[in-house]
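Enquirer: My structure is below; once you've seen it, I'll send some questions.
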Amino acid sequence: MHVDYQSLRFEYRRSPDQSSATPSHHPVVVVGAGPVGLATAIDLAGAGLRVLLLDDDRCLSNGSRAICFAKRTLEIFDRLGCGDRMVEKGVTWNVGRVFHGESPVYSFDLLPDGGHRRPAFVNLQQYYVEGFLLDRARSMPEIEIRWGNKVLSLLPREDGVELVVETPEGEYRVLADYVVAADGARSPIRRAMGLESRGRSFRDRFLIADVRMKADFPPERWFWFAPPFHPGGSVLLHSQPDGVWRIDFQLGWDADPEKEREPERVIPRVRALLGPEAEFELEWVSVYTFSCLRMERFRHGRVFFAGDAAHGVSPFGARGANSGVQDAENIAWKLALVLRGEAPDALLDSYDAERVPAADENILNSTRSTDFITPKSEASLAFRDAVLDLARDCVFARRMVNSGRLSLPSTYGHSPLNTPDADEFEGAMVPGAPALDAPLADGWLLSRLGGGFTLLHFGEAPPDLPETVPPVRAVNIARADDVEGLAAHRYDARPGTAYLIRPDQHVCARWRRLDQVKLRAALDRATGRAMGTP
Amino acid sequence: MLNTEPNIASPDDFYEALLAIHQDLTPEQARAVDARLILLLSNHIGDMAVLRQAMARAREGIVPAGRDATIAVRA
Ligand SMILES: Cc1cc2nc3c(=O)[nH]c(=O)nc-3n(C[C@H](O)[C@H](O)[C@H](O)COP(=O)(O)OP(=O)(O)OC[C@H]3O[C@@H](n4cnc5c(N)ncnc54)[C@H](O)[C@@H]3O)c2cc1C
């Protein structure tokens with residue numbers, strides 16, 4: 001069934017909370033039904049919590065903003081129960097090509113080493129991503145969504161946070177134990193709380209056009225520096241579902257954003273790229289300036305900022321929505337444990353300890369790409385052009401060409417929730433790393449992990465686990481399950497090796513042989529009951 | 001360690017060759033040659049610690065009088 005998610009309008013409905021004499025109580029209120037707010041709500045509901053999701057609008061993202069969704073995001077969507085739809089609808093791509101003038105200078109193949117359920121990237125319009133998340137959210141009785149409900153301000157109280165909400169029928173209040181502010185780059189909540197996001201903006205403008213056409217370009221990412229059809233600027237071409245193509249034109253700082261949006265200006269630019277014969281329709285056009293910025297801290301008492309509200313990056317590298325969805329899953333399991341009384345409030349501080357460095361990593365990567373694409377001084381322009389020139393015949397320079405780096409999830413290497421290794425291990429699965437997938441006889445490793453704390457054990461029989469709070473479930477991988485030997489290889493496992501994996505599928509401890517005392521200590525640490533103790 | 005002891009057998013030949021590749025160039029063209037040269041040599045050296053030392057020495061004593069073209073934002 002085809003649903004036009006862009007044109008869906010949701011009804012505002014009066015809630016009994018609006019007639020209540022005192023503010024009704026909700027354990028968690030999520031503000032903003034963008035990709036980040038929706039993912040947060042689904043994750044919390046999956047952990048059994050009642051969630052109230054408020055959005056001031058009555059529709060999904062209009063126009064396609066994000067298009068590239070990375071492997072880790074798809075794995076998170078799998079855990080949230082909507083990964084298949086995203087991948088079925090999305091365009092899977094692996095090859096990126098970079099051109100300078102008319103000549104190809106560099107190409108990369110993101111296809112990782114095989115043995116992963118999900119591809120490196122799919123391209124999918126943001127309204128589909130939000131639509132599929134919304135369909136999932138609506139199937140969960142724990143989630144109540146209120147459209148046309150705008151949060152005006154937050155009043156901290158001893159026993160929670162009061163939210164002042166505006167509706168077409170006037171204002172009302174609700175009382176929340178915790179609030180997740182996923183209210184986007186302009187974050188009215190951030191402003192209402194007198195907080196700021198700070199950083200740098202690049203002196204450049206980009207025309208972003210989504211064009212519907214029949215084209216025989218392969219589903220690859222093509223990036224041109226100074227092509228003959230757009231002298232002086234860069235151009236990016238990307239394929240999306242439904243025969244839609246994303247084209248970005250770098251316009252320079254002096255371009256007039258209002259005028260450049262007009263079809264009379266846009267169509268000739270597109271035609272210069274596609275050729276005089278091409279038939280196409282403009283689906284959506286916008287002109288952007290990009291910034292990299294973040295809030296100093298993401299936790300403010302009972303309020304947690306997530307996604308664009310907390311941090312912003314330029315789109316080169318596709319780290320906006322992708323990193324926001326990782327914020328969502330980071331805060332969700334922590335809130336769930338605290339609200340169920342299975343972990344102390346101190347666990348919630350680790351949201352800052354983990355996601356602030358992750359935001360810095362994303363900002364660093366996206367700033368580096370933007371500095372390459374939009375040189376910010378005469379010297380950086382000279383070096384950029386030198387790299388592009390050398391890349392024609394010097395292999396080393398190709399690796400310096402930076403038109404956006406693959407969005408990878410952060411490893412929380414310095415997280416206070418990690419138990420440092422006492423045993424010798426090799427490979428990438430260090431404490432803090434997101435667990436890698438691997439094919440098993442009956443499916444995929446990540447889908448076996450589920451959503452609680454898991455002890456991933458390699459051996460012929462599952463180990464006996466003690467009763468703990470929160471509970472730890474054992475998943476055993478026998479040699480016969482590990483059909484290609486990739487699980488043992490990726491986890492540097494021998495018989496007896498055990499990994500403690502968090503609800504968000506990040507590793508928090510590992511041993512060569514399981515010891516119940518060590519397991520309890522690691523669980524205490526990973527749930528914030530032993531923070532600060534070495 | 002950055003080697004700052006004499007290492008080129010014939011310094012006068014080197015210096016002459018360095019000037020020769022800039023002969024008749026506009027400042028912009030010379031800038032392009034220098035940028036390529038720096039990248040080629042840096043890759044040849046490869047050792048990041050050495051490169052950082054060289055970069056630090058090159059920058060020594062120069063007080064910035066220009067500015068970076070990004071704009072501070074607060075939202
Ligand atoms: C051109 C472009 C290309 C991009 N490409 C990519 C890409 O390829 N990959 C990628 O990962 N990211 C990309 N991004 C970034 C991505 O779009 C954002 O990071 C993402 O939308 C952030 O999601 P969010 O949920 O944090 O915020 P938003 O999507 O902005 O959602 C915020 C929601 O909060 C609601 N809201 C706001 N104020 C209130 C209030 N007071 N009360 C109630 N509700 C409120 C809004 O109505 C909205 O629904 C791109 C962005 C742009 C502009």
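Identifiers in this document derive from the order of the structure tokens: chains are assigned A, B, ..., residues are numbered from 1 separately in each chain, and ligands are numbered from 1 in order of occurrence.
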Write as a VMD selection string the residues around ligand 1, taking 8 Å as the cut-off and counting only C-alpha atoms and all ligand atoms.
Expert: chain A and resid 31 to 38 54 to 61 64 to 70 123 126 148 to 152 165 182 to 189 208 286 288 306 to 310 312 to 324
Enquirer: Name the residues in contact with range 44-59 of chain B at a cut-off of 9 Å, using only C-alpha atoms, excluding same-chain residues fewer than 5 positions from it; report them as a list in words.
Expert: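 Returned residues: Met1, Leu2, Asn3 and Leu39 of chain B.
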Enquirer: Can you spit out the residues from that selection as a CSV table (one decimal), in the first residue's frame, using N, CA, C and O atoms?
Expert:
chain,number,residue,atom,x,y,z
B,1,MET,N,61.8,12.7,15.5
B,1,MET,CA,62.5,14.1,15.8
B,1,MET,C,62.8,14.8,14.5
B,1,MET,O,63.3,14.2,13.5
B,2,LEU,N,62.4,16.0,14.4
B,2,LEU,CA,62.7,16.8,13.2
B,2,LEU,C,64.2,17.1,13.1
B,2,LEU,O,64.8,17.5,14.1
B,3,ASN,N,64.7,16.7,12.0
B,3,ASN,CA,66.2,16.9,11.8
B,3,ASN,C,66.4,18.4,11.3
B,3,ASN,O,66.0,18.7,10.2
B,39,LEU,N,52.4,19.1,0.4
B,39,LEU,CA,51.7,17.8,0.5
B,39,LEU,C,52.6,16.6,0.1
B,39,LEU,O,52.6,15.6,0.8
Enquirer: Do you know which residues are at most 12 Å from Leu37 in chain B counting only C-alpha atoms, after dropping those on the same chain fewer than 3 positions away, and could you put them as a list in words?
Expert: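 The neighbour list is Ala382, Phe383, Ala386, Val387, Asp389 and Leu390 of chain A; Leu18, Ile21, His22, Ala30, Arg31, Ala32, Val33, Asp34, Leu40, Leu41, Ser42, Asn43 and His44 of chain B.
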Enquirer: Grab the residues selected above and save them as a short mmCIF file (atom, residue, chain, number, x, y, z; two decimals), in the first residue's frame with N, CA and C atoms.
Expert:
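part-v6.cif was written with the following content:
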data_model
loop_
_atom_site.label_atom_id
_atom_site.label_comp_id
_atom_site.auth_asym_id
_atom_site.auth_seq_id
_atom_site.Cartn_x
_atom_site.Cartn_y
_atom_site.Cartn_z
N ALA A 382 43.98 26.87 -1.37
CA ALA A 382 45.18 26.43 -2.10
C ALA A 382 45.48 24.96 -1.80
N PHE A 383 45.37 24.57 -0.53
CA PHE A 383 45.65 23.17 -0.20
C PHE A 383 44.57 22.24 -0.77
N ALA A 386 45.29 21.79 -4.31
CA ALA A 386 46.50 20.98 -4.48
C ALA A 386 46.18 19.50 -4.27
N VAL A 387 45.37 19.20 -3.27
CA VAL A 387 44.98 17.79 -3.03
C VAL A 387 44.25 17.25 -4.25
N ASP A 389 44.39 18.25 -7.31
CA ASP A 389 45.29 18.09 -8.45
C ASP A 389 46.17 16.84 -8.29
N LEU A 390 46.75 16.67 -7.11
CA LEU A 390 47.65 15.53 -6.90
C LEU A 390 46.89 14.21 -6.97
N LEU B 18 64.60 25.33 -5.93
CA LEU B 18 63.36 25.77 -5.29
C LEU B 18 62.87 27.08 -5.91
N ILE B 21 61.46 26.62 -9.67
CA ILE B 21 60.09 26.16 -9.93
C ILE B 21 59.07 27.28 -9.73
N HIS B 22 59.50 28.39 -9.13
CA HIS B 22 58.59 29.52 -8.95
C HIS B 22 58.78 30.63 -9.98
N ALA B 30 52.33 30.52 -7.59
CA ALA B 30 53.39 30.09 -6.68
C ALA B 30 52.78 29.40 -5.45
N ARG B 31 51.67 29.93 -5.01
CA ARG B 31 50.95 29.37 -3.88
C ARG B 31 50.51 27.93 -4.19
N ALA B 32 50.06 27.71 -5.43
CA ALA B 32 49.63 26.37 -5.84
C ALA B 32 50.82 25.40 -5.83
N VAL B 33 51.94 25.87 -6.35
CA VAL B 33 53.13 25.01 -6.37
C VAL B 33 53.55 24.66 -4.94
N ASP B 34 53.58 25.68 -4.07
CA ASP B 34 53.99 25.44 -2.69
C ASP B 34 53.07 24.44 -2.00
N LEU B 40 53.30 16.80 -0.99
CA LEU B 40 54.17 15.70 -1.45
C LEU B 40 55.24 15.38 -0.41
N LEU B 41 55.88 16.43 0.11
CA LEU B 41 56.95 16.20 1.08
C LEU B 41 56.40 15.64 2.38
N SER B 42 55.25 16.15 2.79
CA SER B 42 54.67 15.68 4.05
C SER B 42 54.35 14.19 3.98
N ASN B 43 53.78 13.79 2.85
CA ASN B 43 53.47 12.38 2.70
C ASN B 43 54.75 11.54 2.70
N HIS B 44 55.79 12.10 2.09
CA HIS B 44 57.06 11.37 2.06
C HIS B 44 57.60 11.18 3.48
#
Enquirer: Pull out every residue of chain B that has at least one atom within 7 Å of chain A, counting only C-alpha atoms, and report them as a PyMOL selection string.
Expert: chain B and resi 31-32+35-36+68-75
Enquirer: Give the strand (DSSP E) residues of range 231-467 of chain A, as DSSP finds them on the backbone, and put them as a PyMOL selection string.
Expert: chain A and resi 234-240+244-250+280-288+291-295+299-300+303-305+311-312+439-440+443-444+453-458
Enquirer: Show me, as a PyMOL selection string, the residues that have an atom within 12 Å of Phe217 in chain A when counting only C-alpha atoms, minus same-chain residues fewer than 3 positions from it.
Expert: chain A and resi 213-214+220-222+237-240+243-245+273-274
Enquirer: Fewer than 2 positions away in the same chain doesn't count, so skip those; otherwise give me all residues within 8 Å of Ala343 in chain A, counting only C-alpha atoms, as JSON, numbers by chain.
Expert: {"A": [337, 338, 340, 341, 345, 347, 527, 528, 529]}
